[in-house]
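Here the structure comes first, spelled out in C-alpha cells, and everything after it is commentary.
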Amino acid sequence: MHKCSRSHCYAPETGCRSGEDDYRRCEYWQKGEQKNEDVSSEDSNNAAEDSEPVTLLPWSGNTMGIADVEFVASRRRPYVIGIIGPENAGKTTFLAMIYLLLRKGHFPDLGRFAGSYSLGGWEQLAGYFEWKSETGPEYPPHTSANEGRRPGLLHLAFRNGAEGKRDTLWTDAPGEWFRQWAITRENPGAAGARWTYEHSDALLLFADSAALAGDKRGPACANMEMLAERLGENLKDRKVALVWTKSDTEVAEPIRNRVETACTKNLPSLEIFRVNVPQKDLPLKPMITEFVRIMTWLLTPTQQKTTRIELPVSAPNDPLLAFRGEL
Amino acid sequence: MQNSQVSLLLVGLHNSGKTHYGAQLLGRLRSGSGQLRMNGVARDLGPFEQALSDIAEGRLAQHTVTEMYSESVWPTVSQVGGQAELVWPDYGGEQVRQLYQRRRVGESWQRRIRHADGWVFFIRPQTIANRQDVWQRPGDKHDKAGTQQESLQWRDQASLIELLQILLYTRRADLHTPLQDPALVIALTCWDELSTDLKKRKPGDVLKKHLPLLASFIESNWLAERRVIYGVSALGKELQADSSDEDFQNFGAAAQGWVITPEGKQENDLTLPIAKLIELTTPL
C-alpha cells in the first residue's frame with residue numbers, strides 16, 4: 001500500500017512525482033504518512049533500510065501503465081504502435097518475437113537499440129519462448145481483459161546514427177476489447193481499444209491464419225471485416241499494416257481475398273506482412289527478414305507529417321496528451 | 001591532463017573481476033613498467049592488502065565484502081608526463097545489483113555516479129547466459145499456452161543495460177544525443193575463459209557477438225570517441241582459492257595477466273585501459 005497522498009504518485013515503487021530526490025522529503029509523502037497509519041510492512045522495511053537519502057527511479061522496468069508514460073514522454077512525444085486484432089491472433093507473441101530478435105542483434109535498418117524502460121516486461125515475454133531444462137517454449141497466456149481499461153505499454157528506444165533518440169511504445173491489449181470495439185465503438189468494455197486507436201501513430205492489424213482457416217472461419221472473417229472498417233473510420237494518414245500470423249497455415253483464397261479487400265478498401269496505403277513463430281520444419285531466415293522488415297517499416301518516417309486525430313486540448317490525466325512540444 | 005585528480009567509477013556485478021584487476025593494476029603501477037606508473041607512493045593500500053597477499057601466493061582473492069566501500073588514492077604519471085591521481089574504489093558487487101533490484105539510489109552512490117570523470121564497466125562474458133530460445137532452436141508446431149510468469153527477474157544483458165540506464169539517470173545524463181561524458185571503458189574480464197572462437201575476435205566484436213543488445217545500447221548512447229572496449233585477463237589464468245599457483249609464486253604476480261587492446265593485440269601492460277580512460281576524460 002503506497003502512502004503518498006498525491007494522485008498517480010507510486011513512490012516508493014517509482015520516483016517522487018513532485019521531483020524530490022528523496023521521496024520522504026516530499027510534502028505529499030509526509031501528508032500521506034500522517035494519514036496512513038496502516039503502512040504495509042514492506043514500506044516500513046524499505047524506509048528503515050534507507051539509512052541515507054535515496055532517489056527512487058521513475059520507472060519500474062515492468063510493462064508500463066499509463067501513469068508511467070509521463071517519464072518517457074516528458075521530452076518528446078513517443079511514437080505509439082497500436083497492436084490490434086482478435087483474441088489468440090498472436091499479438092503478444094509478435095511482441096515477444098520482436099524483442100527476442102533485438103536481443104540477438106537483429107535491428108531495423110533505421111535504428112539501433114538505444115534503451116528500454118520496460119526491459120523486465122520484455123524479458124518476461126521472451127521467457128515463454130526460451131528452452132528451460134524441464135519444458136520447451138510455450139505461448140504467453142491469454143492477455144486478460146480484466147487487467148484494466150488501458151493497454152500495457154512496452155517501451156523501446158532507437159537511434160539512427162547521430163539523430164535524436166526515438167522512443168516507441170508498443171501496446172499490448174486483449175483481443176476481446178477490439179471485438180467489442182469493432183461492433184460498438186462506444187462500448188464501455190472497449191475503452192482500452194479506443195485508447196489504443198486514438199493514441200497510436202502506427203497500427204498493426206493482426207489476422208489469425210489458423211482461425212481464418214478453421215471451422216469458424218466465417219465469423220472470424222466477418223470480425224476482421226468489421227475491425228478493418230472500424231480502423232478506417234478516423235485513420236487520417238496514419239500508417240497501417242495487415243499482419244498475417246501463423247502464416248504457415250493455408251487460408252482459403254476466398255477468405256484471404258475477403259480480409260484483404262476489406263482492409264485495402266478501408267485502409268489506404270496498407271502494407272501486408274506475413275509472420276510465423278520459428279518451427280523445426282520452416283526456414284528461419286525469411287521469418288527473421290519479415291520481422292525486421294516490419295520494424296524498419298514502422299520506423300521509416302512517412303512523407304507527410306502525421307496528422308493527429310482530434311483530441312481534447314487539455315487532458316491533464318493523459319500523460320501522452322500532456323506533452324506540448326516537438327512531435 | 002596535468003596534476004589533476006581523476007575519479008573513476010568502477011561498475012561490476014559480483015564476481016566480475018574488479019578486485020583482481022584492481023590488485024594487479026596496483027602491482028603494475030608500482031613496478032613502473034607500463035603506460036602509467038605510480039608517481040610516489042600510494043597513501044593507503046589497506047583495501048587491497050588481502051587481495052595482494054592472495055595473488056602473490058597464487059591464490060584466488062577473496063571476494064570483497066558486500067557492505068564494504070573504500071577508496072584508495074593512487075598518484076600516477078604517464079609515460080608522456082601527464083599526472084593524475086586515481087581515486088580507485090573497491091566494494092562488493094552486490095551493492096550494484098541492489099541498485100536495479102531495490103530501485104533506489106542512496107546518496108553516497110549518487111555522489112560517486114555524478115562526480116566520476118570516467119566509468120569502467122566490468123563484464124565477465126562467461127557469466128552472462130545466452131539463453132536458448134525458439135530462434136536458435138525452433139520447437140515443434142505447438143499451441144501450448146504457458147502459465148503467468150512470476151515477478152520480474154533481472155538477468156543477463158537486460159540487467160546490465162538496466163544498470164547502465166540507472167547510472168545514467170542518476171547522473172542526469174541527457175540521452176537525446178550521444179554522450180561525451182562520462183568517458184566509458186568496457187573491460188571484458190577473464191578473457192582467458194572465452195571460447196577459442198571468441199578469443200580470436202577483437203573485444204568490440206566479442207561484445208557484439210555475445211551481448212548484441214548491450215553492445216547496441218552502448219554504441220547508441222556514447223560517442224565513438226568517448227568509449228573503448230578492452231579484453232582483460234588480470235591473472236592470465238584461473239587460480240584456485242585452496243591451492244597456490246607455481247608461476248605466481250616463482251615469477252610474481254606482476255609477470256601475469258594481460259589485456260587485449262581494442263585492435264585485438266595482446267599486451268602485458270594492464271594499465272592500458274586506465275591510461276586510455278584518463279585520456280578520454282580530457283574535454284573534447
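Lettering and numbering for the C-alpha cells are positional, with chains as A, B, ... in the shown order, residues counted from 1 in each chain, and ligands counted from 1 in the shown order.
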Stretch 5-186 of chain A: residues DSSP assigns to helix (DSSP H, G or I), reported as a PyMOL selection string: chain A and resi 23-25+27-35+41-49+66-73+91-103+119-127+145-147+175-183
List as CSV every residue of chain A that is in contact with chain B, defined as an atom at most 7 Å from one of its atoms (using only C-alpha atoms), together with the nearest atom pair and the distance in Å rounded to one decimal, sorted by chain and then rising number.
```
residue,atom,partner,partner_atom,distance
A:Glu52,CA,B:Gly106,CA,6.1
A:Pro53,CA,B:Glu107,CA,5.5
A:Val54,CA,B:Gly106,CA,4.2
A:Thr55,CA,B:Val105,CA,5.1
A:Leu56,CA,B:Arg104,CA,4.5
A:Leu57,CA,B:Arg103,CA,6.0
A:Leu102,CA,B:Leu213,CA,6.6
A:Arg103,CA,B:Leu213,CA,5.1
A:Lys104,CA,B:Pro212,CA,6.0
A:Gly105,CA,B:Pro212,CA,4.9
A:Arg112,CA,B:Ser216,CA,6.2
A:Phe113,CA,B:Ser216,CA,5.6
A:Ala114,CA,B:Phe217,CA,4.7
A:Gly115,CA,B:Phe217,CA,6.0
A:Leu119,CA,B:Ala158,CA,6.3
A:Gly120,CA,B:Leu152,CA,5.8
A:Gln124,CA,B:Leu152,CA,6.9
A:Tyr128,CA,B:Gly146,CA,6.9
A:Phe129,CA,B:Asp133,CA,5.5
A:Glu130,CA,B:Asp133,CA,3.9
A:Trp131,CA,B:Asp133,CA,5.6
A:Pro137,CA,B:Val134,CA,6.9
A:Glu138,CA,B:Gly146,CA,5.1
A:Tyr139,CA,B:Ala145,CA,4.5
A:Pro140,CA,B:Gly146,CA,5.5
A:Pro141,CA,B:Ala145,CA,5.1
A:Arg159,CA,B:Ser220,CA,6.2
A:Gly164,CA,B:His176,CA,5.3
A:Lys165,CA,B:His176,CA,5.3
A:Pro278,CA,B:Pro138,CA,5.2
A:Gln279,CA,B:Pro138,CA,4.6
A:Lys280,CA,B:Pro138,CA,5.1
```
Which residues in stretch 113-216 of chain B does DSSP call strand (DSSP E or B)? List them as a compact mmCIF listing (two decimals) with all heavy atoms, in the first residue's frame.
```
# COMPACT_ATOMS: atom_id res chain seq x y z
N GLY B 118 35.23 9.27 -15.24
CA GLY B 118 35.11 8.19 -16.22
C GLY B 118 34.59 6.94 -15.55
O GLY B 118 34.73 6.76 -14.34
N TRP B 119 33.93 6.12 -16.34
CA TRP B 119 33.38 4.87 -15.81
C TRP B 119 34.13 3.69 -16.42
O TRP B 119 34.42 3.68 -17.62
CB TRP B 119 31.90 4.72 -16.18
CG TRP B 119 30.98 5.72 -15.56
CD1 TRP B 119 31.29 6.70 -14.67
CD2 TRP B 119 29.56 5.83 -15.80
NE1 TRP B 119 30.16 7.42 -14.34
CE2 TRP B 119 29.10 6.91 -15.02
CE3 TRP B 119 28.66 5.14 -16.59
CZ2 TRP B 119 27.75 7.30 -15.02
CZ3 TRP B 119 27.33 5.52 -16.59
CH2 TRP B 119 26.88 6.59 -15.81
N VAL B 120 34.42 2.70 -15.58
CA VAL B 120 34.93 1.42 -16.08
C VAL B 120 33.86 0.39 -15.77
O VAL B 120 33.48 0.21 -14.61
CB VAL B 120 36.24 1.00 -15.40
CG1 VAL B 120 36.81 -0.23 -16.11
CG2 VAL B 120 37.26 2.12 -15.40
N PHE B 121 33.36 -0.25 -16.81
CA PHE B 121 32.28 -1.21 -16.65
C PHE B 121 32.86 -2.61 -16.86
O PHE B 121 33.32 -2.93 -17.95
CB PHE B 121 31.19 -0.89 -17.68
CG PHE B 121 29.84 -1.49 -17.39
CD1 PHE B 121 29.31 -1.47 -16.12
CD2 PHE B 121 29.09 -2.05 -18.40
CE1 PHE B 121 28.06 -2.02 -15.85
CE2 PHE B 121 27.83 -2.60 -18.15
CZ PHE B 121 27.33 -2.58 -16.87
N PHE B 122 32.87 -3.39 -15.80
CA PHE B 122 33.44 -4.73 -15.86
C PHE B 122 32.36 -5.75 -16.23
O PHE B 122 31.34 -5.84 -15.54
CB PHE B 122 34.03 -5.13 -14.50
CG PHE B 122 35.28 -4.39 -14.15
CD1 PHE B 122 35.22 -3.16 -13.52
CD2 PHE B 122 36.52 -4.92 -14.44
CE1 PHE B 122 36.37 -2.46 -13.20
CE2 PHE B 122 37.68 -4.22 -14.12
CZ PHE B 122 37.61 -2.99 -13.49
N ILE B 123 32.60 -6.48 -17.27
CA ILE B 123 31.66 -7.52 -17.67
C ILE B 123 32.44 -8.81 -17.85
O ILE B 123 33.45 -8.83 -18.58
CB ILE B 123 30.97 -7.16 -19.02
CG1 ILE B 123 30.22 -5.83 -18.90
CG2 ILE B 123 30.01 -8.27 -19.44
CD1 ILE B 123 29.80 -5.26 -20.25
N ASP B 133 16.57 -19.87 -27.21
CA ASP B 133 15.16 -19.61 -27.45
C ASP B 133 14.74 -20.19 -28.79
O ASP B 133 15.53 -20.86 -29.46
CB ASP B 133 14.85 -18.11 -27.36
CG ASP B 133 15.61 -17.31 -28.41
OD1 ASP B 133 15.65 -17.74 -29.58
OD2 ASP B 133 16.17 -16.25 -28.07
N GLY B 139 10.94 -25.08 -31.96
CA GLY B 139 10.25 -26.26 -31.45
C GLY B 139 9.34 -26.86 -32.51
O GLY B 139 9.32 -26.43 -33.66
N ALA B 145 -0.28 -22.94 -24.24
CA ALA B 145 -0.13 -21.66 -23.54
C ALA B 145 0.56 -21.89 -22.21
O ALA B 145 0.27 -22.85 -21.50
CB ALA B 145 -1.49 -21.03 -23.31
N LEU B 179 26.43 10.54 -25.79
CA LEU B 179 27.13 11.17 -24.66
C LEU B 179 28.61 11.42 -24.91
O LEU B 179 29.28 10.59 -25.52
CB LEU B 179 27.01 10.26 -23.44
CG LEU B 179 25.61 10.00 -22.88
CD1 LEU B 179 25.64 8.83 -21.92
CD2 LEU B 179 25.10 11.25 -22.19
N ALA B 183 33.30 9.45 -19.89
CA ALA B 183 34.01 8.54 -20.78
C ALA B 183 33.83 7.12 -20.26
O ALA B 183 33.68 6.91 -19.06
CB ALA B 183 35.49 8.91 -20.80
N LEU B 184 33.82 6.18 -21.16
CA LEU B 184 33.48 4.80 -20.76
C LEU B 184 34.51 3.80 -21.28
O LEU B 184 34.83 3.78 -22.47
CB LEU B 184 32.10 4.45 -21.32
CG LEU B 184 31.55 3.05 -21.03
CD1 LEU B 184 31.23 2.88 -19.55
CD2 LEU B 184 30.31 2.78 -21.87
N VAL B 185 35.02 3.00 -20.37
CA VAL B 185 35.83 1.84 -20.77
C VAL B 185 35.05 0.59 -20.40
O VAL B 185 34.60 0.45 -19.26
CB VAL B 185 37.21 1.83 -20.06
CG1 VAL B 185 37.86 0.47 -20.19
CG2 VAL B 185 38.12 2.89 -20.65
N ILE B 186 34.86 -0.26 -21.37
CA ILE B 186 34.27 -1.57 -21.09
C ILE B 186 35.42 -2.56 -20.95
O ILE B 186 36.25 -2.67 -21.86
CB ILE B 186 33.35 -2.03 -22.24
CG1 ILE B 186 32.25 -1.01 -22.53
CG2 ILE B 186 32.78 -3.41 -21.97
CD1 ILE B 186 31.17 -0.95 -21.51
N ALA B 187 35.47 -3.24 -19.83
CA ALA B 187 36.50 -4.25 -19.64
C ALA B 187 35.84 -5.63 -19.66
O ALA B 187 35.04 -5.95 -18.78
CB ALA B 187 37.20 -4.03 -18.30
N LEU B 188 36.12 -6.38 -20.70
CA LEU B 188 35.59 -7.75 -20.78
C LEU B 188 36.58 -8.64 -20.05
O LEU B 188 37.68 -8.90 -20.56
CB LEU B 188 35.42 -8.18 -22.24
CG LEU B 188 34.48 -7.32 -23.07
CD1 LEU B 188 34.41 -7.82 -24.51
CD2 LEU B 188 33.07 -7.31 -22.46
```
From A:Val243, A:Cys263, A:Ala220, A:Leu231, residue lying nearest A:Lys91 [only C-alpha atoms]: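 Smallest separation from A:Lys91 among the options: A:Val243.
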Who sits within 10 Å of stretch 276-281 of chain B, only C-alpha atoms, same chain under 2 positions skipped, as a ChimeraX atom specification: /B:1,5-8,35-36,78,82-84,86,116-120,180-186,225-228,271-274,283-284
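Atom CA of B:His115 to atom CA of B:Leu26 spans 22.5 Å [interatomic distance, one decimal].
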Find the residues near A:Ile272: any atom within 10 Å, counting only C-alpha atoms, skip ones fewer than 2 places away on the same chain, and give them as a short mmCIF file (atom, residue, chain, number, x, y, z; two decimals) with N, CA, C and O atoms, in the first residue's frame.
```cif
data_model
loop_
_atom_site.label_atom_id
_atom_site.label_comp_id
_atom_site.auth_asym_id
_atom_site.auth_seq_id
_atom_site.Cartn_x
_atom_site.Cartn_y
_atom_site.Cartn_z
N LEU A 204 -0.95 -1.89 -36.35
CA LEU A 204 -0.75 -3.22 -36.94
C LEU A 204 -2.01 -4.03 -36.66
O LEU A 204 -2.35 -4.26 -35.49
N LEU A 205 -2.69 -4.43 -37.72
CA LEU A 205 -3.90 -5.25 -37.57
C LEU A 205 -3.52 -6.70 -37.80
O LEU A 205 -2.99 -7.05 -38.86
N VAL A 240 -0.64 1.99 -41.48
CA VAL A 240 -1.37 0.80 -41.04
C VAL A 240 -0.93 -0.40 -41.87
O VAL A 240 -0.65 -0.28 -43.07
N ALA A 241 -0.80 -1.51 -41.19
CA ALA A 241 -0.39 -2.74 -41.88
C ALA A 241 -1.26 -3.90 -41.41
O ALA A 241 -1.73 -3.93 -40.27
N LEU A 242 -1.46 -4.82 -42.33
CA LEU A 242 -2.13 -6.08 -42.01
C LEU A 242 -1.03 -7.12 -41.79
O LEU A 242 -0.14 -7.29 -42.65
N VAL A 243 -1.06 -7.78 -40.65
CA VAL A 243 -0.03 -8.78 -40.34
C VAL A 243 -0.71 -10.14 -40.24
O VAL A 243 -1.50 -10.39 -39.31
N TRP A 244 -0.44 -11.00 -41.20
CA TRP A 244 -0.96 -12.38 -41.14
C TRP A 244 -0.06 -13.17 -40.20
O TRP A 244 1.13 -13.30 -40.45
N GLU A 260 -8.39 -9.19 -47.19
CA GLU A 260 -7.51 -8.18 -47.79
C GLU A 260 -8.30 -7.11 -48.54
O GLU A 260 -7.92 -5.94 -48.55
N CYS A 263 -9.60 -4.70 -45.98
CA CYS A 263 -8.50 -3.86 -45.47
C CYS A 263 -8.11 -2.81 -46.50
O CYS A 263 -7.98 -1.63 -46.17
N THR A 264 -7.89 -3.21 -47.73
CA THR A 264 -7.43 -2.22 -48.74
C THR A 264 -8.53 -1.18 -49.01
O THR A 264 -8.23 -0.02 -49.29
N SER A 269 -3.07 2.90 -48.42
CA SER A 269 -1.62 2.66 -48.28
C SER A 269 -1.31 1.49 -47.36
O SER A 269 -0.33 1.51 -46.61
N LEU A 270 -2.16 0.51 -47.38
CA LEU A 270 -1.96 -0.66 -46.50
C LEU A 270 -0.72 -1.44 -46.90
O LEU A 270 -0.47 -1.67 -48.08
N ARG A 274 3.63 -11.11 -43.45
CA ARG A 274 3.26 -12.48 -43.03
C ARG A 274 4.33 -12.98 -42.06
O ARG A 274 5.52 -13.01 -42.42
N ILE A 294 9.22 -5.38 -40.76
CA ILE A 294 8.13 -4.68 -40.05
C ILE A 294 8.71 -3.57 -39.18
O ILE A 294 8.23 -2.44 -39.18
#
```
Spatial neighbours of stretch 63-69 of chain B, 12 Å, only C-alpha atoms, chain gap at least 5 places, as a VMD selection string: chain B and resid 10 12 to 20 22 to 23 47 to 51 54 88 to 98 108 to 109 112 241
Point-to-point distance in Å for atom CA of A:Gly152 and atom CA of A:Trp170: 8.2 Å
Selection: 8 Å around A:Ser60, only C-alpha atoms, excl. self and same-chain fewer than 4 positions, as a list in words: Glu13, Thr14, Tyr117 and Ser118 of chain A; Arg103 of chain B
